[in-house]
>>> print(open('structure25.txt').read())   # compact mmCIF, C-alpha atoms
# COMPACT_ATOMS: atom_id res chain seq x y z
CA MET A 1474 0.00 0.00 0.00
CA LEU A 1475 3.05 2.31 0.08
CA PRO A 1476 3.55 4.80 -2.80
CA GLU A 1477 5.45 3.25 -5.71
CA ALA A 1478 7.73 6.28 -6.13
CA PHE A 1479 8.66 6.06 -2.44
CA LEU A 1480 9.46 2.33 -2.69
CA ASN A 1481 11.60 2.82 -5.79
CA ARG A 1482 13.68 5.45 -4.02
CA ILE A 1483 14.04 3.41 -0.81
CA LYS A 1484 15.22 0.45 -2.88
CA LEU A 1485 18.00 2.61 -4.30
CA GLN A 1486 18.86 3.94 -0.83
CA LEU A 1487 19.00 0.55 0.90
CA GLY A 1488 20.06 -1.90 -1.79
CA GLU A 1489 20.27 -5.40 -0.32
CA GLN A 1490 18.69 -4.20 2.96
CA TYR A 1491 15.46 -3.30 1.16
CA ASP A 1492 13.67 -6.58 1.98
CA ALA A 1493 14.61 -6.31 5.66
CA PHE A 1494 13.18 -2.78 5.68
CA LEU A 1495 9.86 -3.93 4.17
CA HIS A 1496 9.67 -6.82 6.63
CA SER A 1497 10.18 -4.44 9.57
CA LEU A 1498 7.09 -2.48 8.54
CA GLU A 1499 4.96 -5.61 8.96
CA ARG A 1500 5.90 -6.28 12.57
CA PRO A 1501 3.89 -4.73 15.46
CA ARG A 1502 5.05 -1.26 16.46
CA ALA A 1503 7.28 -0.96 19.50
CA VAL A 1504 5.65 1.54 21.88
CA ALA A 1505 7.52 3.45 24.56
CA LEU A 1506 7.18 5.99 27.34
CA ARG A 1507 9.60 8.29 29.11
CA TYR A 1508 9.67 8.79 32.88
CA ASN A 1509 9.61 12.36 34.16
CA PRO A 1510 12.53 13.03 36.56
CA LEU A 1511 10.86 16.29 37.66
CA LYS A 1512 8.27 14.20 39.55
CA GLY A 1513 10.85 12.47 41.73
CA GLU A 1514 11.55 8.76 42.06
CA ARG A 1515 10.31 6.70 39.13
CA PRO A 1516 7.67 4.10 40.00
CA VAL A 1517 7.71 0.40 39.22
CA LEU A 1518 5.22 -0.09 36.40
CA PRO A 1519 4.00 -3.66 35.79
CA PHE A 1520 3.59 -2.95 32.07
CA ALA A 1521 7.11 -1.49 31.57
CA GLY A 1522 9.65 -3.58 29.66
CA GLU A 1523 13.23 -3.12 28.49
CA ASN A 1524 15.00 0.23 28.46
CA VAL A 1525 15.38 2.47 25.42
CA ALA A 1526 19.13 2.38 24.79
CA TRP A 1527 19.60 6.07 23.93
CA GLU A 1528 17.37 7.63 26.61
CA PRO A 1529 17.95 6.83 30.31
CA MET A 1530 14.34 7.66 31.19
CA GLY A 1531 12.83 5.69 28.27
CA VAL A 1532 11.25 2.22 28.44
CA TYR A 1533 9.18 0.13 26.07
CA TYR A 1534 5.81 -1.03 27.36
CA ASP A 1535 3.13 -3.60 26.68
CA PRO A 1536 0.79 -2.02 24.08
CA GLN A 1537 -2.18 -3.75 25.70
CA ALA A 1538 -1.63 -1.84 28.97
CA ARG A 1539 -3.04 1.55 27.82
CA PRO A 1540 -0.88 3.63 30.19
CA GLY A 1541 -2.53 6.84 28.96
CA LEU A 1542 -5.53 5.93 31.14
CA HIS A 1543 -3.47 5.41 34.31
CA PRO A 1544 -3.64 8.15 37.01
CA TYR A 1545 0.16 8.43 36.79
CA HIS A 1546 -0.26 9.82 33.28
CA GLU A 1547 -2.52 12.59 34.58
CA ALA A 1548 0.05 13.32 37.30
CA GLY A 1549 2.81 13.77 34.69
CA VAL A 1550 4.83 10.81 35.95
CA TYR A 1551 5.56 9.79 32.35
CA TYR A 1552 5.07 10.90 28.76
CA LEU A 1553 4.06 8.51 25.98
CA GLN A 1554 6.75 9.01 23.32
CA GLU A 1555 7.91 6.91 20.39
CA ALA A 1556 11.42 5.60 21.07
CA SER A 1557 13.11 6.98 17.93
CA ALA A 1558 11.62 10.39 18.68
CA MET A 1559 13.73 10.43 21.86
CA SER A 1560 16.95 10.41 19.80
CA ALA A 1561 17.11 14.14 18.92
CA VAL A 1562 17.22 15.35 22.55
CA SER A 1563 19.76 12.65 23.38
CA LEU A 1564 22.00 14.19 20.69
CA LEU A 1565 21.18 17.76 21.77
CA ASP A 1566 22.32 16.88 25.32
CA PRO A 1567 20.89 19.96 27.12
CA GLN A 1568 22.34 20.78 30.54
CA PRO A 1569 20.89 22.40 33.70
CA GLY A 1570 21.31 26.17 33.70
CA GLU A 1571 21.53 26.57 29.92
CA ARG A 1572 19.31 28.56 27.56
CA VAL A 1573 17.60 26.14 25.19
CA CYS A 1574 15.14 26.71 22.34
CA ASP A 1575 12.81 24.05 20.91
CA LEU A 1576 11.82 25.82 17.72
CA CYS A 1577 9.05 23.47 16.44
CA ALA A 1578 7.88 22.15 19.79
CA ALA A 1579 4.31 20.81 19.61
CA PRO A 1580 2.93 18.55 20.93
CA GLY A 1581 5.66 18.62 23.57
CA GLY A 1582 7.44 15.27 23.67
CA LYS A 1583 10.89 16.65 22.98
CA THR A 1584 10.23 19.85 24.98
CA THR A 1585 9.38 17.89 28.13
CA GLN A 1586 12.34 15.57 27.47
CA ILE A 1587 14.61 18.65 27.36
CA ALA A 1588 12.98 19.95 30.57
CA GLY A 1589 13.73 16.66 32.30
CA ARG A 1590 17.40 17.01 31.38
CA MET A 1591 17.50 20.62 32.62
CA MET A 1592 15.91 19.70 35.98
CA GLY A 1593 14.23 23.08 36.43
CA GLU A 1594 17.44 25.11 35.98
CA GLY A 1595 17.93 27.49 33.06
CA PHE A 1596 15.60 28.93 30.43
CA LEU A 1597 13.60 26.84 27.96
CA LEU A 1598 11.75 28.56 25.11
CA CYS A 1599 9.26 26.36 23.26
CA ASN A 1600 7.78 27.73 20.05
CA GLU A 1601 4.92 26.49 17.89
CA TYR A 1602 3.52 28.38 14.90
CA SER A 1603 0.06 26.72 14.94
CA PRO A 1604 -2.13 28.30 17.67
CA LYS A 1605 -4.09 25.06 18.19
CA ARG A 1606 -0.94 22.96 18.52
CA ALA A 1607 0.66 25.60 20.77
CA LYS A 1608 -2.22 25.18 23.24
CA ILE A 1609 -1.65 21.40 23.29
CA LEU A 1610 2.04 22.08 23.89
CA SER A 1611 1.20 24.31 26.86
CA LEU A 1612 -1.06 21.65 28.38
CA ASN A 1613 1.63 18.98 28.12
CA ILE A 1614 4.24 21.25 29.70
CA GLU A 1615 1.79 21.91 32.53
CA ARG A 1616 1.02 18.21 33.01
CA MET A 1617 4.70 17.36 33.27
CA GLY A 1618 5.29 19.96 36.00
CA VAL A 1619 7.77 22.11 34.05
CA ALA A 1620 8.46 25.48 35.68
CA ASN A 1621 11.24 26.99 33.55
CA ALA A 1622 9.55 26.85 30.12
CA LEU A 1623 7.86 29.59 28.11
CA VAL A 1624 5.55 28.86 25.16
CA THR A 1625 5.47 31.24 22.21
CA ASN A 1626 3.23 31.19 19.14
CA GLU A 1627 5.45 32.91 16.59
CA THR A 1628 7.09 32.58 13.22
CA THR A 1629 10.65 31.32 13.41
CA GLU A 1630 11.79 34.42 11.52
CA LYS A 1631 10.38 36.77 14.17
CA LEU A 1632 11.95 34.84 17.02
CA ALA A 1633 15.31 34.95 15.25
CA ALA A 1634 15.02 38.70 14.78
CA MET A 1635 14.05 39.25 18.43
CA LEU A 1636 16.56 36.91 20.12
CA PRO A 1637 19.69 36.60 17.97
CA GLY A 1638 22.48 34.57 19.55
CA TYR A 1639 20.52 34.09 22.78
CA PHE A 1640 20.58 30.29 23.11
CA ASP A 1641 23.21 27.71 24.04
CA ARG A 1642 21.33 24.93 22.25
CA VAL A 1643 18.61 24.89 19.60
CA LEU A 1644 16.48 21.92 18.57
CA ILE A 1645 14.73 21.92 15.20
CA ASP A 1646 12.45 18.90 14.91
CA ALA A 1647 11.25 20.10 11.54
CA PRO A 1648 7.84 19.55 9.92
CA CYS A 1649 8.48 16.95 7.24
CA SER A 1650 6.90 14.51 4.79
CA GLY A 1651 6.61 11.92 7.57
CA GLU A 1652 7.89 8.85 5.71
CA GLY A 1653 9.21 7.41 8.95
CA MET A 1654 5.66 7.41 10.33
CA PHE A 1655 4.11 5.35 7.48
CA ARG A 1656 3.63 2.35 9.78
CA LYS A 1657 2.22 4.52 12.58
CA GLU A 1658 -0.05 6.95 10.71
CA GLU A 1659 -2.14 6.05 7.66
CA ALA A 1660 -2.55 9.76 6.81
CA ALA A 1661 1.22 10.01 6.31
CA VAL A 1662 0.89 7.49 3.45
CA THR A 1663 -2.14 9.03 1.77
CA ASP A 1664 -0.73 12.58 1.99
CA TRP A 1665 2.70 11.67 0.58
CA SER A 1666 3.97 12.87 -2.78
CA GLN A 1667 7.30 13.94 -4.22
CA GLU A 1668 5.91 17.47 -4.38
CA THR A 1669 5.29 17.32 -0.60
CA VAL A 1670 8.91 16.26 -0.05
CA GLU A 1671 10.17 19.23 -2.05
CA MET A 1672 7.77 21.65 -0.35
CA CYS A 1673 8.92 20.45 3.08
CA ALA A 1674 12.57 20.86 2.08
CA ARG A 1675 12.00 24.51 1.16
CA ARG A 1676 10.23 25.18 4.47
CA GLN A 1677 12.94 23.38 6.43
CA ALA A 1678 15.61 25.62 4.88
CA ASP A 1679 13.89 28.72 6.25
CA ILE A 1680 13.50 27.17 9.72
CA LEU A 1681 17.15 26.08 9.77
CA ASP A 1682 18.34 29.58 8.89
CA ALA A 1683 16.22 31.03 11.71
CA GLY A 1684 17.64 28.49 14.15
CA ALA A 1685 21.15 29.45 13.08
CA LYS A 1686 20.49 33.05 14.08
CA LEU A 1687 19.08 32.07 17.48
CA LEU A 1688 22.18 30.09 18.43
CA ARG A 1689 25.17 31.73 20.09
CA PRO A 1690 28.70 31.13 18.73
CA GLY A 1691 29.98 27.86 20.20
CA GLY A 1692 26.43 26.53 20.62
CA ARG A 1693 24.93 23.25 19.38
CA LEU A 1694 22.03 22.89 16.94
CA VAL A 1695 20.32 19.54 16.32
CA TYR A 1696 18.19 19.18 13.20
CA SER A 1697 15.87 16.18 13.03
CA THR A 1698 13.08 14.80 10.88
CA CYS A 1699 10.94 11.66 10.82
CA THR A 1700 11.44 11.04 7.12
CA PHE A 1701 13.81 9.05 4.87
CA ALA A 1702 13.92 11.59 2.01
CA PRO A 1703 17.50 12.77 1.30
CA GLU A 1704 16.11 16.13 0.12
CA GLU A 1705 14.90 16.77 3.69
CA ASN A 1706 17.90 15.23 5.42
CA GLU A 1707 21.49 15.08 4.15
CA GLN A 1708 20.80 17.41 1.23
CA ALA A 1709 19.07 19.92 3.53
CA VAL A 1710 22.07 19.89 5.87
CA GLU A 1711 24.56 20.26 3.00
CA ALA A 1712 22.66 23.26 1.61
CA PHE A 1713 22.46 24.79 5.10
CA LEU A 1714 26.23 24.50 5.57
CA GLN A 1715 26.78 26.23 2.23
CA ARG A 1716 24.52 29.11 3.29
CA ASN A 1717 25.96 29.26 6.82
CA PRO A 1718 29.73 28.65 6.66
CA GLU A 1719 30.09 29.47 10.38
CA PHE A 1720 28.54 26.05 11.09
CA GLU A 1721 30.13 22.61 10.93
CA LEU A 1722 28.95 19.08 11.60
CA GLU A 1723 29.96 17.93 15.07
CA ASP A 1724 31.20 14.38 15.51
CA VAL A 1725 29.41 12.82 18.49
CA GLU A 1726 29.12 9.24 19.70
CA ALA A 1727 25.77 7.55 19.03
CA PRO A 1728 26.45 3.82 18.61
CA TRP A 1729 22.74 2.94 18.48
CA PHE A 1730 22.15 4.75 15.16
CA THR A 1731 23.42 4.35 11.59
CA GLN A 1732 26.08 7.01 11.04
CA VAL A 1733 25.83 8.59 7.59
CA SER A 1734 28.85 10.84 8.20
CA PRO A 1735 30.38 12.41 11.32
CA GLY A 1736 27.47 14.23 12.99
CA GLN A 1737 24.70 12.76 10.80
CA PHE A 1738 22.58 9.75 11.74
CA ARG A 1739 19.71 7.69 10.39
CA LEU A 1740 17.37 5.52 12.42
CA TRP A 1741 16.07 2.67 10.28
CA PRO A 1742 13.15 0.56 11.61
CA HIS A 1743 14.87 -2.69 10.49
CA LYS A 1744 17.91 -1.88 12.65
CA LEU A 1745 16.33 -0.84 15.96
CA LEU A 1746 13.09 -0.87 17.95
CA GLY A 1747 11.58 2.36 16.65
CA GLU A 1748 10.32 4.26 13.64
CA GLY A 1749 12.34 6.07 10.97
CA HIS A 1750 14.24 9.25 11.89
CA PHE A 1751 17.17 11.39 10.85
CA ALA A 1752 19.31 13.74 12.95
CA ALA A 1753 22.28 16.02 12.36
CA VAL A 1754 24.41 17.65 15.07
CA LEU A 1755 25.81 21.07 14.13
CA ARG A 1756 28.17 23.38 15.97
CA LYS A 1757 28.35 27.15 15.47
CA GLN A 1758 32.00 28.13 15.43
CA GLY A 1759 33.40 30.80 17.75
CA GLU A 1760 32.84 31.82 21.34
CA ALA A 1761 30.33 34.21 22.87
CA GLU A 1762 30.11 36.08 26.13
CA VAL A 1763 27.04 35.27 28.20
CA GLU A 1764 24.62 38.18 28.13
CA GLY A 1765 22.62 39.38 31.14
CA ASN A 1766 19.01 38.41 31.71
CA GLY A 1767 15.92 40.30 30.63
CA GLY A 1768 15.61 42.45 33.72
CA ALA A 1769 13.79 42.37 37.03
CA GLY A 1770 10.34 40.94 37.50
CA GLN A 1771 7.28 42.36 39.20
CA LYS A 1772 6.43 42.30 42.88
CA LEU A 1773 4.63 39.23 44.18
CA PRO A 1774 1.25 40.19 45.72
CA LYS A 1775 0.65 39.76 49.44
CA GLU A 1776 -2.08 37.19 48.74
CA TRP A 1777 0.47 34.84 47.18
CA LEU A 1778 2.98 35.44 49.96
CA GLN A 1779 0.38 34.50 52.56
CA PHE A 1780 -0.69 31.39 50.62
CA ALA A 1781 2.92 30.24 50.13
CA LYS A 1782 3.65 30.74 53.83
CA GLU A 1783 0.60 28.72 54.90
CA LEU A 1784 1.54 25.77 52.64
CA ASP A 1785 5.32 26.16 53.05
CA ILE A 1786 6.01 26.64 49.31
CA THR A 1787 9.41 27.89 48.18
CA LEU A 1788 9.80 28.96 44.56
CA PRO A 1789 13.00 28.36 42.56
CA GLU A 1790 15.15 31.25 41.38
CA GLY A 1791 13.06 33.38 39.02
CA LYS A 1792 10.90 36.46 38.67
CA ALA A 1793 7.20 37.29 38.74
CA ILE A 1794 5.25 38.24 35.61
CA CYS A 1795 1.68 39.42 36.17
CA PHE A 1796 -1.11 39.61 33.61
CA GLY A 1797 -3.94 41.37 35.41
CA GLN A 1798 -4.59 39.28 38.51
CA THR A 1799 -2.92 36.13 37.12
CA ILE A 1800 0.62 35.50 38.35
CA PHE A 1801 3.36 33.55 36.57
CA TRP A 1802 6.83 32.65 37.78
CA ALA A 1803 9.41 32.91 34.99
CA PRO A 1804 13.08 31.91 34.73
CA VAL A 1805 15.66 34.59 35.53
CA ASP A 1806 16.88 34.62 31.91
CA THR A 1807 13.44 35.37 30.47
CA PRO A 1808 13.94 38.14 27.89
CA ASP A 1809 11.62 41.03 27.07
CA LEU A 1810 8.35 39.48 25.86
CA THR A 1811 6.41 42.61 24.92
CA ARG A 1812 6.57 42.04 21.15
CA LEU A 1813 6.03 38.29 21.17
CA LYS A 1814 2.87 36.15 21.23
CA VAL A 1815 3.27 34.33 24.52
CA LEU A 1816 0.87 31.60 25.60
CA ARG A 1817 2.68 30.58 28.76
CA PRO A 1818 5.22 32.98 30.33
CA GLY A 1819 6.50 30.47 32.88
CA LEU A 1820 4.85 28.56 35.70
CA GLN A 1821 1.32 29.76 36.44
CA LEU A 1822 1.05 30.24 40.20
CA GLY A 1823 -2.59 31.28 40.32
CA GLU A 1824 -4.91 34.25 40.52
CA VAL A 1825 -5.79 36.91 43.07
CA LYS A 1826 -9.57 36.99 43.59
CA LYS A 1827 -11.15 39.49 45.99
CA ASP A 1828 -8.13 39.68 48.29
CA ARG A 1829 -7.59 35.92 48.32
CA PHE A 1830 -5.31 33.68 46.31
CA GLU A 1831 -6.57 30.76 44.22
CA PRO A 1832 -3.77 28.41 43.11
CA ALA A 1833 -3.43 27.21 39.52
CA HIS A 1834 -3.52 23.57 38.48
CA ALA A 1835 -0.03 24.04 37.02
CA LEU A 1836 1.32 24.90 40.46
CA ALA A 1837 -0.08 21.66 41.89
CA LEU A 1838 1.59 19.57 39.18
CA TRP A 1839 4.92 21.34 39.72
CA LEU A 1840 4.91 20.80 43.49
CA CYS A 1841 6.40 17.58 44.79
CA GLU A 1842 5.20 18.29 48.33
CA CYS A 1843 3.69 20.98 50.53
CA LYS A 1844 2.43 21.37 54.10
CA ASN A 1845 -1.16 20.31 53.39
CA SER A 1846 -1.40 17.17 51.24
CA VAL A 1847 -3.21 13.86 51.01
CA SER A 1848 -2.20 10.83 48.98
CA PHE A 1849 -4.35 7.97 47.70
CA GLY A 1850 -3.43 4.78 45.88
CA HIS A 1851 -3.60 4.72 42.09
CA ASP A 1852 -6.32 2.05 42.15
CA SER A 1853 -8.30 3.59 45.03
CA GLN A 1854 -11.90 4.73 44.95
CA GLN A 1855 -10.76 8.17 46.17
CA ILE A 1856 -8.55 8.74 43.12
CA ARG A 1857 -11.30 7.58 40.77
CA ALA A 1858 -13.70 9.97 42.48
CA TYR A 1859 -11.21 12.84 42.38
CA LEU A 1860 -10.47 12.44 38.66
CA HIS A 1861 -14.22 12.31 38.08
CA GLY A 1862 -14.66 15.67 39.82
CA ASP A 1863 -16.31 14.40 43.02
CA VAL A 1864 -15.52 15.37 46.62
CA VAL A 1865 -13.31 13.05 48.67
CA SER A 1866 -13.18 12.51 52.41
CA SER A 1867 -10.41 14.25 54.35
CA ALA A 1868 -9.92 15.96 57.71
CA VAL A 1869 -7.71 18.64 56.14
CA ARG A 1870 -8.87 22.27 56.25
CA GLY A 1871 -8.01 24.80 53.57
CA TRP A 1872 -6.10 24.28 50.35
CA CYS A 1873 -4.70 20.77 50.02
CA LEU A 1874 -2.47 19.06 47.45
CA VAL A 1875 -4.08 15.82 46.25
CA CYS A 1876 -1.56 13.13 45.28
CA VAL A 1877 -1.62 9.65 43.77
CA ASP A 1878 0.93 7.38 45.45
CA GLY A 1879 2.82 10.54 46.46
CA TYR A 1880 2.78 12.17 43.00
CA SER A 1881 0.96 15.51 42.91
CA LEU A 1882 -2.23 15.49 40.87
CA GLY A 1883 -4.25 18.63 41.68
CA TRP A 1884 -5.89 20.80 44.33
CA GLY A 1885 -8.68 20.26 46.79
CA LYS A 1886 -10.05 22.57 49.49
CA GLY A 1887 -11.10 21.02 52.76
CA ASP A 1888 -13.67 21.93 55.41
CA GLY A 1889 -12.50 19.27 57.90
CA ASN A 1890 -14.76 16.55 56.49
CA VAL A 1891 -14.39 16.54 52.70
CA LEU A 1892 -12.24 18.14 50.04
CA LYS A 1893 -14.06 20.28 47.52
CA ASN A 1894 -12.74 19.19 44.14
CA HIS A 1895 -10.60 21.70 42.20
CA TYR A 1896 -9.46 19.32 39.47
CA PRO A 1897 -9.99 21.22 36.16
CA LYS A 1898 -13.35 20.42 34.58
CA GLY A 1899 -11.81 19.98 31.15
CA LEU A 1900 -9.59 17.15 32.44
CA ARG A 1901 -12.20 15.22 34.42
CA ARG A 1902 -13.09 11.70 33.38
>>> encode(input="structure25.txt", output="structure tokens")
Amino acid sequence: MLPEAFLNRIKLQLGEQYDAFLHSLERPRAVALRYNPLKGERPVLPFAGENVAWEPMGVYYDPQARPGLHPYHEAGVYYLQEASAMSAVSLLDPQPGERVCDLCAAPGGKTTQIAGRMMGEGFLLCNEYSPKRAKILSLNIERMGVANALVTNETTEKLAAMLPGYFDRVLIDAPCSGEGMFRKEEAAVTDWSQETVEMCARRQADILDAGAKLLRPGGRLVYSTCTFAPEENEQAVEAFLQRNPEFELEDVEAPWFTQVSPGQFRLWPHKLLGEGHFAAVLRKQGEAEVEGNGGAGQKLPKEWLQFAKELDITLPEGKAICFGQTIFWAPVDTPDLTRLKVLRPGLQLGEVKKDRFEPAHALALWLCECKNSVSFGHDSQQIRAYLHGDVVSSAVRGWCLVCVDGYSLGWGKGDGNVLKNHYPKGLRR
């Protein structure tokens, strides 16, 4: 059922490995998830199998288990992510305290993988051009308890003009023709054409040039796709290097992948447990001095200070950004945002309402503990009731963090007998 033109090209690319490639597309897909280190100690999951070799937090799982329905998923304990898709961040190798940009970030798999590597330290900018997809990105960042990430809804060209040389590392997981997803998504097959490949290659060139401007001298850029087309992979990188002579391919060790040349890798489904991907690691030559941050934040209102004192909440290093009565906590290195479309300017703390503070769901998911909290088992009636939006029994008074097996899940507010449910209505089961 695959396009004939695609098969003819793959046969030329693979030669005697062509039959092995076709056979790999007939086997069941290997499905994987990635634990979230921001939520603390990883749990023992009965449906988890062997580790993903190139991602320490990645494991394959039994596809019959449906882990997306488990309460741990709602608590952000793990993210369902295809194993090959974890390769780009492994090659990017972001570090705590750095400034990192994920330029084509939705739906958030690689963004939250980067956040897990940064462990809440540094500045993570996640951009998505599609408003609808940017909202999904924001929700996934919230679910995974990420505090140091901002979500923008901008063109790559505008970001490059606003923040030239600002980032230590840039990830470009570019929109592509999706040939590597043929086994996973039927639409990728029906939508494919050689014209689509060429159109994607032109768009990728513009995105790559924008990413080049965002990166500081000495920084690392990783370009990845989920396609096999040379026009979108090796040829795109070669053309980029011709346009941007200050860049060079960086030789890194990645023994799990097929090395095309130093710094360029292909992931073939007949050679590993995963779908088709390509990645290139590029280094911008030179050295740059680290610039200062974007200035001081705003003053935190007294209502928040009182709430934080009552629940014994300590925020990480950062600064307050207020939009009306809604308060966000942003990384120190957050630049001036006045000319950018920002969906999420950091961790949403909550809102001041009539001289009282009402905490945001995002704050609950970021917290690992606080003074008032209750924890129920993942298979308990209380957790089922809470996720359904019902009240649960508790002797706690005031705002209370509701947890599942110790992992924060949301807010409740107690009167000494029951907790009024503050789990967001849009997430209730």
>>> residues_around(input="structure25.txt", residues="Cys1876 of chain A", least_positions_apart="6", cutoff="10 Å", atoms="only C-alpha atoms", output="JSON, numbers by chain")
{"A": [1544, 1545, 1548, 1837, 1838, 1841, 1842, 1846, 1847, 1848, 1849, 1850, 1851, 1856, 1882, 1883, 1884]}
>>> residues_around(input="structure25.txt", residues="segment 1683-1693 of chain A", least_positions_apart="6", cutoff="10 Å", atoms="all atoms listed in the file", output="MDAnalysis selection string")
chainID A and resid 1564:1567 1572:1576 1628:1645 1677 1713 1717 1719:1723 1754:1763
>>> atom_distance(input="structure25.txt", atom1="atom CA of Asp1682 of chain A", atom2="atom CA of Leu1714 of chain A")
10.0 Å
>>> atom_distance(input="structure25.txt", atom1="atom CA of Ser1497 of chain A", atom2="atom CA of Ala1702 of chain A")
18.1 Å
>>> residues_around(input="structure25.txt", residues="Lys1772 of chain A", least_positions_apart="3", cutoff="10 Å", atoms="only C-alpha atoms", output="mmCIF file with C-alpha atoms, in the coordinates of the input")
data_model
loop_
_atom_site.group_PDB
_atom_site.id
_atom_site.type_symbol
_atom_site.label_atom_id
_atom_site.label_comp_id
_atom_site.auth_asym_id
_atom_site.auth_seq_id
_atom_site.Cartn_x
_atom_site.Cartn_y
_atom_site.Cartn_z
ATOM 1 C CA ALA A 1769 13.790 42.370 37.030
ATOM 2 C CA LYS A 1775 0.650 39.760 49.440
ATOM 3 C CA LYS A 1792 10.900 36.460 38.670
ATOM 4 C CA ALA A 1793 7.200 37.290 38.740
ATOM 5 C CA ILE A 1794 5.250 38.240 35.610
ATOM 6 C CA CYS A 1795 1.680 39.420 36.170
#
>>> atom_distance(input="structure25.txt", atom1="atom CA of Tyr1552 of chain A", atom2="atom CA of Phe1520 of chain A")
14.3 Å
>>> closest_residue(input="structure25.txt", among="A:Asn1626, A:Asn1621, A:Asn1600, A:Ser1697", to="Ala1803 of chain A", atoms="only C-alpha atoms")
A:Asn1621
>>> residues_around(input="structure25.txt", residues="Phe1596 of chain A", least_positions_apart="4", cutoff="8 Å", atoms="all atoms listed in the file", output="ChimeraX atom specification")
/A:1570-1573,1621-1622,1804-1807
>>> closest_atom_pairs(input="structure25.txt", of="segment 1646-1670 of chain A", to="segment 1740-1747 of chain A", cutoff="12 Å", atoms="only C-alpha atoms", output="Markdown table")
| residue | atom | partner | partner_atom | distance |
| --- | --- | --- | --- | --- |
| A:Glu1652 | CA | A:Trp1741 | CA | 11.2 |
| A:Gly1653 | CA | A:Pro1742 | CA | 8.3 |
| A:Met1654 | CA | A:Gly1747 | CA | 10.0 |
| A:Phe1655 | CA | A:Pro1742 | CA | 11.0 |
| A:Arg1656 | CA | A:Pro1742 | CA | 9.9 |
| A:Lys1657 | CA | A:Gly1747 | CA | 10.4 |
>>> closest_residue(input="structure25.txt", among="A:Glu1711, A:Glu1555, A:Glu1790, A:Glu1477", to="Cys1699 of chain A", atoms="only C-alpha atoms")
A:Glu1555
>>> residues_around(input="structure25.txt", residues="segment 1521-1526 of chain A", least_positions_apart="3", cutoff="8 Å", atoms="only C-alpha atoms", output="PyMOL selection string")
chain A and resi 1505+1517-1518+1529-1535+1556+1729
>>> axis_aligned_box(input="structure25.txt", around="segment 1482-1498 of chain A", padding_each_side="6 Å", output="AutoDock Vina command-line options")
--center_x 13.7 --center_y -0.7 --center_z 2.6 --size_x 25.2 --size_y 24.3 --size_z 25.9
